[in-house]
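Heads up, input.csv below (CSV, C-alpha atoms):
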```
chain,number,residue,atom,x,y,z
A,22,MET,CA,33.0,-6.6,18.4
A,23,GLU,CA,36.5,-8.2,18.6
A,24,GLU,CA,36.7,-11.8,19.4
A,25,GLN,CA,40.0,-13.6,20.1
A,26,THR,CA,40.5,-17.3,19.7
A,27,GLU,CA,43.5,-19.5,20.7
A,28,ALA,CA,43.8,-22.7,18.8
A,29,ALA,CA,45.7,-25.8,20.0
A,30,ASP,CA,48.4,-25.4,17.5
A,31,SER,CA,49.5,-22.2,19.3
A,32,HIS,CA,48.5,-20.0,16.4
A,33,ARG,CA,46.4,-17.1,17.4
A,34,VAL,CA,43.4,-16.3,15.3
A,35,PHE,CA,41.9,-12.9,15.6
A,36,VAL,CA,38.5,-12.5,14.1
A,37,LYS,CA,37.2,-8.9,14.0
A,38,VAL,CA,33.5,-8.7,13.4
A,39,LYS,CA,31.7,-5.4,13.8
A,40,GLU,CA,28.4,-7.2,14.0
A,41,LEU,CA,27.8,-11.0,13.9
A,42,PRO,CA,25.7,-12.0,11.0
A,43,SER,CA,22.3,-13.6,11.6
A,44,TYR,CA,22.0,-17.3,11.2
A,45,SER,CA,18.4,-16.8,10.1
A,46,THR,CA,19.7,-14.9,7.0
A,47,LEU,CA,21.8,-17.9,6.0
A,48,ARG,CA,19.0,-20.3,6.8
A,49,THR,CA,16.7,-18.3,4.5
A,50,ARG,CA,19.1,-18.6,1.6
A,51,VAL,CA,19.6,-22.3,2.2
A,52,ASN,CA,15.8,-22.9,2.5
A,53,ALA,CA,15.4,-21.4,-0.9
A,54,ILE,CA,17.8,-24.0,-2.4
A,55,VAL,CA,16.1,-26.8,-0.5
A,56,LYS,CA,12.7,-25.7,-1.7
A,57,ASN,CA,13.8,-25.9,-5.3
A,58,SER,CA,15.5,-29.2,-4.9
A,59,SER,CA,14.0,-32.5,-6.3
A,60,TRP,CA,13.7,-35.8,-4.4
A,61,TRP,CA,16.8,-36.9,-6.2
A,62,ASP,CA,18.7,-34.0,-4.8
A,63,LEU,CA,17.3,-34.4,-1.3
A,64,TYR,CA,17.6,-38.2,-1.0
A,65,GLY,CA,18.1,-39.9,-4.3
A,66,VAL,CA,21.8,-39.3,-4.8
A,67,ASP,CA,22.7,-40.7,-1.4
A,68,TRP,CA,20.4,-43.7,-1.8
A,69,ALA,CA,22.1,-44.4,-5.2
A,70,ILE,CA,25.4,-44.6,-3.4
A,71,ILE,CA,24.0,-46.9,-0.7
A,72,ILE,CA,22.4,-49.2,-3.3
A,73,THR,CA,25.6,-49.3,-5.3
A,74,ALA,CA,27.4,-50.4,-2.1
A,75,PHE,CA,24.9,-53.2,-1.7
A,76,ALA,CA,25.4,-54.2,-5.3
A,77,CYS,CA,29.2,-54.4,-4.8
A,78,VAL,CA,28.9,-56.7,-1.8
A,79,PRO,CA,28.4,-59.9,-3.8
A,80,ILE,CA,31.2,-58.9,-6.2
A,81,GLY,CA,33.6,-58.5,-3.2
A,82,MET,CA,32.5,-61.8,-1.7
A,83,LEU,CA,32.9,-63.7,-5.0
A,84,MET,CA,36.4,-62.3,-5.3
A,85,LEU,CA,37.3,-63.9,-2.0
A,86,ARG,CA,36.9,-67.3,-3.7
A,87,SER,CA,40.0,-66.5,-5.8
A,88,SER,CA,43.4,-68.1,-4.9
A,89,ALA,CA,45.1,-65.1,-6.4
A,90,VAL,CA,46.4,-62.8,-3.7
A,91,ILE,CA,45.7,-59.5,-5.6
A,92,ILE,CA,42.1,-60.5,-6.4
A,93,PHE,CA,41.5,-61.7,-2.9
A,94,ALA,CA,42.9,-58.4,-1.4
A,95,LEU,CA,40.8,-56.4,-3.8
A,96,GLY,CA,37.7,-58.2,-2.7
A,97,MET,CA,38.6,-57.4,0.9
A,98,PHE,CA,39.0,-53.8,0.0
A,99,ILE,CA,35.7,-53.6,-1.8
A,100,LEU,CA,33.9,-55.2,1.2
A,101,GLY,CA,35.7,-52.8,3.5
A,102,CYS,CA,34.5,-49.8,1.4
A,103,CYS,CA,30.9,-51.2,1.3
A,104,HIS,CA,31.0,-51.7,5.1
A,105,ALA,CA,32.1,-48.1,5.6
A,106,VAL,CA,29.2,-46.9,3.5
A,107,PHE,CA,26.8,-49.0,5.7
A,108,VAL,CA,28.2,-48.1,9.1
A,109,TYR,CA,29.8,-44.6,8.7
A,110,LYS,CA,27.9,-42.7,6.0
A,111,THR,CA,24.5,-44.2,6.2
A,112,PRO,CA,23.8,-44.4,10.0
A,113,HIS,CA,25.1,-40.9,10.3
A,114,GLN,CA,22.5,-39.7,7.8
A,115,ALA,CA,19.8,-41.9,9.3
A,116,VAL,CA,20.3,-40.6,12.9
A,117,HIS,CA,19.9,-37.1,11.5
A,118,GLY,CA,16.8,-38.1,9.6
A,119,ASN,CA,18.4,-37.3,6.2
A,120,LEU,CA,17.6,-40.6,4.4
A,121,THR,CA,13.8,-40.1,4.2
A,122,ALA,CA,11.1,-37.6,5.0
A,123,SER,CA,9.3,-40.3,7.1
A,124,PRO,CA,10.2,-40.5,10.8
A,125,THR,CA,9.0,-44.1,10.9
A,126,TRP,CA,11.3,-45.2,8.1
A,127,GLY,CA,14.0,-43.0,9.5
A,128,LYS,CA,13.9,-45.0,12.8
A,129,PHE,CA,13.9,-48.2,10.9
A,130,TRP,CA,17.0,-47.4,8.8
A,131,THR,CA,18.8,-46.1,11.9
A,132,LEU,CA,18.3,-49.5,13.6
A,133,PHE,CA,19.0,-51.4,10.5
A,134,PHE,CA,22.3,-49.7,9.7
A,135,SER,CA,23.5,-48.8,13.2
A,136,GLU,CA,22.8,-52.1,15.0
A,137,LEU,CA,22.1,-54.9,12.5
A,138,VAL,CA,24.9,-53.9,10.1
A,139,GLY,CA,27.1,-51.6,12.2
A,140,ALA,CA,27.1,-53.6,15.4
A,141,PHE,CA,26.6,-50.5,17.6
A,142,SER,CA,23.8,-49.0,19.6
A,143,ALA,CA,21.5,-46.6,17.8
A,144,ASP,CA,20.4,-45.1,21.1
A,145,VAL,CA,24.0,-44.4,22.2
A,146,GLY,CA,24.8,-42.9,18.8
A,147,TYR,CA,21.8,-40.6,19.1
A,148,GLU,CA,22.7,-39.5,22.6
A,149,ILE,CA,26.4,-38.8,21.9
A,150,HIS,CA,26.0,-37.3,18.4
A,151,ILE,CA,22.7,-35.6,18.3
A,152,LYS,CA,22.1,-34.6,21.9
A,153,GLU,CA,25.7,-33.8,22.9
A,154,HIS,CA,28.1,-33.2,19.9
A,155,HIS,CA,25.9,-31.1,17.7
A,156,PRO,CA,24.3,-28.7,20.2
A,157,HIS,CA,27.6,-28.3,22.1
A,158,THR,CA,30.3,-28.5,19.5
A,159,ASN,CA,33.7,-27.8,21.1
A,160,ILE,CA,32.1,-26.8,24.4
A,161,ILE,CA,34.4,-28.1,27.1
A,162,GLY,CA,32.9,-31.1,29.0
A,163,LEU,CA,30.0,-31.4,26.6
A,164,GLY,CA,30.7,-31.7,22.8
A,165,ASP,CA,34.4,-31.3,22.9
A,166,SER,CA,35.2,-34.7,21.2
A,167,SER,CA,36.9,-35.9,24.3
A,168,SER,CA,35.3,-39.4,23.8
A,169,TRP,CA,37.8,-39.9,20.9
A,170,ARG,CA,40.8,-39.4,23.2
A,171,ALA,CA,42.8,-42.3,24.7
A,172,PRO,CA,45.7,-40.5,26.5
A,173,PHE,CA,47.2,-43.7,27.7
A,174,LEU,CA,48.1,-44.8,24.2
A,175,PRO,CA,51.4,-43.6,22.5
A,176,ARG,CA,50.8,-41.5,19.4
A,177,TYR,CA,51.7,-44.0,16.7
A,178,ILE,CA,49.6,-46.8,18.4
A,179,TYR,CA,46.6,-44.5,18.7
A,180,MET,CA,46.9,-42.9,15.2
A,181,PHE,CA,47.7,-46.1,13.2
A,182,LEU,CA,47.1,-49.3,15.1
A,183,ALA,CA,44.4,-48.9,17.8
A,184,PRO,CA,41.6,-47.9,15.3
A,185,LEU,CA,41.9,-51.3,13.6
A,186,ALA,CA,40.4,-52.9,16.8
A,187,LEU,CA,37.4,-50.5,16.8
A,188,PRO,CA,35.1,-52.8,14.7
A,189,THR,CA,35.9,-55.7,17.1
A,190,ILE,CA,35.5,-53.9,20.4
A,191,GLY,CA,32.7,-51.6,19.2
A,192,PRO,CA,29.9,-54.0,20.2
A,193,PHE,CA,31.3,-54.5,23.7
A,194,ILE,CA,31.7,-50.7,24.1
A,195,ALA,CA,28.0,-50.4,23.1
A,196,LEU,CA,27.0,-53.0,25.6
A,197,GLY,CA,28.7,-51.1,28.4
A,198,LEU,CA,27.1,-47.8,27.4
A,199,VAL,CA,23.6,-49.2,27.1
A,200,TRP,CA,23.7,-51.2,30.3
A,201,PRO,CA,21.3,-51.5,32.2
A,202,ARG,CA,18.6,-50.2,29.8
A,203,TRP,CA,17.1,-53.7,29.3
A,204,LYS,CA,14.8,-53.0,26.4
A,205,SER,CA,17.5,-51.2,24.3
A,206,LEU,CA,20.1,-53.8,25.4
A,207,LEU,CA,17.9,-56.8,24.3
A,208,ARG,CA,17.0,-55.2,21.0
A,209,MET,CA,20.6,-54.2,20.3
A,210,THR,CA,22.0,-57.6,21.3
A,211,ILE,CA,19.5,-59.5,19.0
A,212,LEU,CA,20.3,-57.2,16.0
A,213,ILE,CA,24.0,-57.2,16.5
A,214,VAL,CA,24.3,-61.0,16.8
A,215,SER,CA,21.9,-61.4,13.9
A,216,GLY,CA,24.0,-59.1,11.7
A,217,ILE,CA,27.3,-60.9,12.6
A,218,VAL,CA,25.7,-64.3,11.9
A,219,ILE,CA,24.3,-63.2,8.6
A,220,ASN,CA,27.6,-61.7,7.6
A,221,MET,CA,29.4,-65.0,8.6
A,222,LEU,CA,27.0,-67.2,6.7
A,223,LEU,CA,27.3,-65.1,3.5
A,224,LEU,CA,31.1,-65.4,3.7
A,225,VAL,CA,30.8,-69.1,4.2
A,226,HIS,CA,28.3,-69.9,1.5
A,227,VAL,CA,29.1,-67.2,-1.1
A,228,SER,CA,32.9,-66.8,-0.6
A,229,GLY,CA,33.4,-70.5,0.2
A,230,LEU,CA,35.4,-69.8,3.4
A,231,SER,CA,35.5,-71.9,6.5
A,232,TYR,CA,33.9,-70.4,9.6
A,233,VAL,CA,37.2,-69.5,11.2
A,234,THR,CA,38.4,-67.8,8.0
A,235,ALA,CA,35.1,-66.1,7.5
A,236,LEU,CA,35.3,-64.6,11.0
A,237,LEU,CA,38.9,-63.4,10.3
A,238,CYS,CA,37.9,-61.9,7.0
A,239,MET,CA,34.9,-60.2,8.4
A,240,SER,CA,37.0,-58.6,11.1
A,241,VAL,CA,39.7,-57.4,8.6
A,242,SER,CA,37.2,-56.1,6.1
A,243,ARG,CA,35.4,-54.1,8.7
A,244,ALA,CA,38.7,-52.5,9.7
A,245,VAL,CA,39.7,-51.4,6.2
A,246,LEU,CA,38.8,-47.8,6.7
A,247,ALA,CA,38.8,-47.7,10.5
A,248,VAL,CA,42.0,-45.7,10.6
A,249,PRO,CA,40.8,-42.8,8.5
A,250,PHE,CA,37.5,-42.9,10.3
A,251,ILE,CA,39.2,-42.1,13.6
A,252,HIS,CA,41.4,-39.5,11.9
A,253,VAL,CA,38.4,-37.7,10.3
A,254,ASN,CA,36.6,-37.5,13.7
A,255,ILE,CA,39.5,-35.9,15.5
A,256,PHE,CA,40.8,-33.8,12.6
A,257,GLN,CA,37.7,-31.7,12.2
A,258,HIS,CA,37.3,-30.4,15.8
A,259,ILE,CA,40.2,-31.1,18.0
A,260,GLY,CA,43.0,-28.5,17.6
A,261,LEU,CA,40.4,-25.8,16.9
A,262,PRO,CA,39.0,-23.3,19.4
A,263,MET,CA,37.2,-24.7,22.5
A,264,TYR,CA,34.8,-22.8,24.6
A,265,SER,CA,33.7,-22.8,28.2
A,266,ARG,CA,30.1,-23.5,29.1
A,267,LYS,CA,29.6,-20.0,30.7
A,268,HIS,CA,31.2,-18.1,27.8
A,269,ARG,CA,30.1,-19.9,24.7
A,270,PRO,CA,29.7,-17.5,21.7
A,271,LYS,CA,26.7,-17.1,19.4
A,272,ARG,CA,26.2,-20.3,17.4
A,273,ILE,CA,27.2,-18.9,14.0
A,274,TYR,CA,30.5,-17.9,15.4
A,275,GLN,CA,30.9,-21.1,17.5
A,276,LEU,CA,30.5,-23.3,14.4
A,277,ALA,CA,32.5,-21.1,12.0
A,278,THR,CA,35.5,-21.3,14.4
A,279,SER,CA,35.3,-24.9,15.7
A,280,VAL,CA,34.5,-26.9,12.6
A,281,LEU,CA,36.8,-27.7,9.7
A,282,ASN,CA,36.3,-29.2,6.2
A,283,LEU,CA,38.8,-31.7,4.8
A,284,SER,CA,39.8,-31.6,1.2
A,285,ARG,CA,37.9,-33.9,-1.2
A,286,ASN,CA,39.0,-37.5,-1.4
A,287,PRO,CA,37.1,-39.9,-3.8
A,288,ILE,CA,37.2,-42.9,-1.5
A,289,LEU,CA,36.4,-41.1,1.7
A,290,ASP,CA,33.7,-38.9,0.0
A,291,TRP,CA,32.0,-42.0,-1.2
A,292,CYS,CA,32.4,-44.2,1.9
A,293,PHE,CA,32.0,-41.6,4.7
A,294,GLY,CA,29.8,-39.0,2.9
A,295,HIS,CA,30.4,-35.3,2.2
A,296,SER,CA,29.0,-34.2,5.6
A,297,PHE,CA,31.9,-36.1,7.2
A,298,ILE,CA,34.6,-34.9,4.9
A,299,ASN,CA,34.4,-31.8,2.7
A,300,CYS,CA,31.1,-30.4,4.0
A,301,HIS,CA,31.5,-30.7,7.7
A,302,VAL,CA,31.0,-27.0,8.3
A,303,GLU,CA,27.7,-27.1,6.3
A,304,HIS,CA,26.6,-30.2,8.1
A,305,HIS,CA,27.0,-28.6,11.5
A,306,LEU,CA,25.2,-25.5,10.4
A,307,PHE,CA,22.4,-27.5,8.7
A,308,PRO,CA,22.4,-31.1,10.2
A,309,ASP,CA,19.0,-31.8,8.7
A,310,LEU,CA,20.4,-31.9,5.2
A,311,SER,CA,21.7,-35.0,3.3
A,312,ASP,CA,25.3,-35.3,2.1
A,313,ASN,CA,24.3,-34.3,-1.4
A,314,MET,CA,22.4,-31.2,-0.2
A,315,CYS,CA,25.4,-30.2,1.9
A,316,MET,CA,27.4,-30.2,-1.3
A,317,ARG,CA,24.7,-28.1,-3.0
A,318,ILE,CA,24.7,-25.4,-0.3
A,319,LYS,CA,28.5,-25.4,0.1
A,320,PRO,CA,29.2,-22.3,-2.1
A,321,VAL,CA,26.4,-20.3,-0.4
A,322,VAL,CA,27.8,-21.1,3.1
A,323,SER,CA,31.4,-20.4,2.1
A,324,GLU,CA,30.4,-17.1,0.6
A,325,PHE,CA,28.2,-16.1,3.5
A,326,LEU,CA,30.9,-16.7,6.2
A,327,LYS,CA,33.7,-15.1,4.3
A,328,ASN,CA,31.7,-12.0,3.3
A,329,ASN,CA,30.8,-11.5,7.0
A,330,GLY,CA,34.3,-11.8,8.2
A,331,LEU,CA,34.0,-15.2,9.7
A,332,PRO,CA,36.5,-18.1,9.0
A,333,TYR,CA,35.6,-20.9,6.6
A,334,GLN,CA,38.1,-23.5,7.7
A,335,GLU,CA,39.5,-26.0,5.3
A,336,ALA,CA,42.6,-28.3,5.4
A,337,ASP,CA,44.2,-31.2,3.6
A,338,TYR,CA,44.0,-34.7,5.2
A,339,VAL,CA,47.8,-35.2,5.1
A,340,GLU,CA,48.3,-31.7,6.5
A,341,ARG,CA,46.1,-32.5,9.5
A,342,LEU,CA,47.7,-35.9,9.9
A,343,ARG,CA,51.1,-34.4,10.1
A,344,PHE,CA,49.9,-31.8,12.6
A,345,PHE,CA,48.3,-34.4,14.9
A,346,VAL,CA,51.4,-36.7,14.8
A,347,GLN,CA,53.7,-33.8,15.6
A,348,ASP,CA,51.5,-32.3,18.4
A,349,TYR,CA,49.9,-35.5,19.7
A,350,LYS,CA,50.6,-34.8,23.3
A,351,GLU,CA,49.1,-31.3,23.3
A,352,LEU,CA,46.1,-32.3,21.3
A,353,MET,CA,45.2,-35.8,22.5
A,354,VAL,CA,46.7,-36.1,26.0
A,355,LYS,CA,46.4,-32.7,27.6
A,356,ALA,CA,43.1,-30.9,28.2
A,357,PRO,CA,42.1,-28.7,25.3
A,358,PRO,CA,42.6,-24.9,25.8
A,359,ILE,CA,39.6,-22.8,26.4
A,360,THR,CA,39.3,-19.8,24.1
A,361,HIS,CA,39.0,-16.5,25.9
A,362,PHE,CA,36.8,-13.7,24.5
A,363,VAL,CA,37.5,-10.0,24.6
A,364,GLY,CA,34.7,-7.5,24.6
A,365,ILE,CA,31.7,-9.9,24.3
A,366,GLN,CA,28.4,-8.0,24.7
```

Would you mind writing the file out in structure tokens?
Amino acid sequence: MEEQTEAADSHRVFVKVKELPSYSTLRTRVNAIVKNSSWWDLYGVDWAIIITAFACVPIGMLMLRSSAVIIFALGMFILGCCHAVFVYKTPHQAVHGNLTASPTWGKFWTLFFSELVGAFSADVGYEIHIKEHHPHTNIIGLGDSSSWRAPFLPRYIYMFLAPLALPTIGPFIALGLVWPRWKSLLRMTILIVSGIVINMLLLVHVSGLSYVTALLCMSVSRAVLAVPFIHVNIFQHIGLPMYSRKHRPKRIYQLATSVLNLSRNPILDWCFGHSFINCHVEHHLFPDLSDNMCMRIKPVVSEFLKNNGLPYQEADYVERLRFFVQDYKELMVKAPPITHFVGIQ
């Protein structure tokens, strides 16, 4: 079987596969690793990161009491990194059920981190990410990451300035998306307002800030890693092959060609999680696994795809940033190209 893909960067990628490998074969190998993994491997490592982030919050807040600019700025950076762990890494794992084996606790943590801490709707996150993006990765009109596009914005505004407003406008976007589901809307509003009030009171009483300064510092700290968060979400799918609904390939091929891993980065690995950064391919193939488990199965997935003639796509963050800035109009303004297949049986 010969399958031809056309990426948005105008490079043609020819993937010749005599016979597509079976996903179940890879699943069997991964299941063997999961079966022999301890609770620490399955959940503990990621909980250790989350608990460490909680422990760093009072340190960052106390540093805001300093009159020294460097110490104050470092405190803001620490709070920003902790916030990223709470609203990017943790809700992502929670909505996938990767934080615990208990569905009840999983629902609790999803609401806690998505709405109380993250100021966004857990229901909307589930609908967009679990019901659309994962089942229909890079399928035009379904999971093609089009929700991340803002074609009316110039490239440098979108890439470097607009993301800073995301933490502030996020709750209002969530309100619009949830309306008029009154039950979800009421719960989300109560949790979001409670989270913001708690955050404000901590900054006032622990950091010694005025209410106005606390509000400003909260907004700034929540935006510390907003720019790379937007980058990561567009870098790993947009610019890769897109498929029509009628001619989508088999899932193993679809995910191998339409998902990309970024190179490791200590800050982003810790704050966003491996499934967001350097194990995104593994995450899409096995979304039920935690960040740490995605790291554990990474060599197996890489070897399996390469040995069967499928791409295992990896790129450096700076390389992708340069690519998007250069080809912003083609990637983020115009509609993505649909890959055409030749000889599909």

Which distance in Å separates atom CA of A:Asn119 and atom CA of A:Lys327, to one decimal?
27.0 Å

If I take atom CA of A:Asn282 and atom CA of A:Ser296, how far is one from the other in Å, to one decimal?
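Between these atoms lies a distance of 8.9 Å.
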
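Of the residues listed (A:Pro184, A:Leu207, A:Arg48, A:Ala277), A:Pro184 shows the shortest atom-to-atom separation from A:Val248; distances use all atoms listed in the file.
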
Which residues come within 8 Å of stretch 112-118 of chain A, counting all atoms listed in the file, excluding same-chain residues fewer than 3 positions away, as a list in words?
Phe107, Val108, Tyr109, Thr121, Ala122, Pro124, Gly127, Lys128, Trp130, Thr131, Phe134, Ser135, Ala143, Gly146, Tyr147, Ile151, Pro308, Asp309, Ser311 and Asp312 of chain A

Please, what distance in Å, to one decimal, runs between atom CA of A:Met221 and atom CA of A:Cys238?
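Interatomic distance, atom CA of A:Met221 to atom CA of A:Cys238: 9.2 Å.
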
Given the point (31.9, -66.5, 6.9) in the coordinates of this file, which residues lie within 10 Å, counting only C-alpha atoms, and how would they look as a ChimeraX atom specification?
/A:82,217-239

Write to file, as a compact mmCIF listing (two decimals), keeping the file's coordinate frame, the residues of the selection just made, with C-alpha atoms.
```txt
# COMPACT_ATOMS: atom_id res chain seq x y z
CA MET A 82 32.50 -61.80 -1.70
CA ILE A 217 27.30 -60.90 12.60
CA VAL A 218 25.70 -64.30 11.90
CA ILE A 219 24.30 -63.20 8.60
CA ASN A 220 27.60 -61.70 7.60
CA MET A 221 29.40 -65.00 8.60
CA LEU A 222 27.00 -67.20 6.70
CA LEU A 223 27.30 -65.10 3.50
CA LEU A 224 31.10 -65.40 3.70
CA VAL A 225 30.80 -69.10 4.20
CA HIS A 226 28.30 -69.90 1.50
CA VAL A 227 29.10 -67.20 -1.10
CA SER A 228 32.90 -66.80 -0.60
CA GLY A 229 33.40 -70.50 0.20
CA LEU A 230 35.40 -69.80 3.40
CA SER A 231 35.50 -71.90 6.50
CA TYR A 232 33.90 -70.40 9.60
CA VAL A 233 37.20 -69.50 11.20
CA THR A 234 38.40 -67.80 8.00
CA ALA A 235 35.10 -66.10 7.50
CA LEU A 236 35.30 -64.60 11.00
CA LEU A 237 38.90 -63.40 10.30
CA CYS A 238 37.90 -61.90 7.00
CA MET A 239 34.90 -60.20 8.40
```

Write out as a ChimeraX atom specification which residues come within 10 Å of A:Asp67 when counting all atoms listed in the file, dropping same-chain ones fewer than 5 positions away.
/A:61-62,72-73,110-111,114,119-120,291,294,311-314

Those same residues, written as a short mmCIF file (atom, residue, chain, number, x, y, z; two decimals), in the frame of the given file with C-alpha atoms?
```
data_model
loop_
_atom_site.label_atom_id
_atom_site.label_comp_id
_atom_site.auth_asym_id
_atom_site.auth_seq_id
_atom_site.Cartn_x
_atom_site.Cartn_y
_atom_site.Cartn_z
CA TRP A 61 16.80 -36.90 -6.20
CA ASP A 62 18.70 -34.00 -4.80
CA ILE A 72 22.40 -49.20 -3.30
CA THR A 73 25.60 -49.30 -5.30
CA LYS A 110 27.90 -42.70 6.00
CA THR A 111 24.50 -44.20 6.20
CA GLN A 114 22.50 -39.70 7.80
CA ASN A 119 18.40 -37.30 6.20
CA LEU A 120 17.60 -40.60 4.40
CA TRP A 291 32.00 -42.00 -1.20
CA GLY A 294 29.80 -39.00 2.90
CA SER A 311 21.70 -35.00 3.30
CA ASP A 312 25.30 -35.30 2.10
CA ASN A 313 24.30 -34.30 -1.40
CA MET A 314 22.40 -31.20 -0.20
#
```

Which of these, A:Ala94, A:Met263, A:Ala69, A:Ala336, has the shortest distance to A:Ser167 once you count only C-alpha atoms?
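Result for the nearest residue to A:Ser167: A:Met263.
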
Give the answer as one residue: which of A:Leu83, A:Ile54, A:Leu206, A:Ile211 has the shortest atom-to-atom distance to A:Val145, using only C-alpha atoms?
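Among the listed residues, A:Leu206 lies closest to A:Val145.
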
List the spatial neighbours of A:Arg170 as a VMD selection string - criterion: any atom at most 8 Å away, only C-alpha atoms, same-chain residues fewer than 3 positions off excluded.
chain A and resid 166 to 167 353 to 354

Name the closest residue to A:Ile161 among the candidates A:Leu198, A:Leu326, A:Leu174, A:Ile259; distances are taken between atoms, counting all atoms listed in the file.
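Among the listed residues, the smallest separation from A:Ile161 belongs to A:Ile259.
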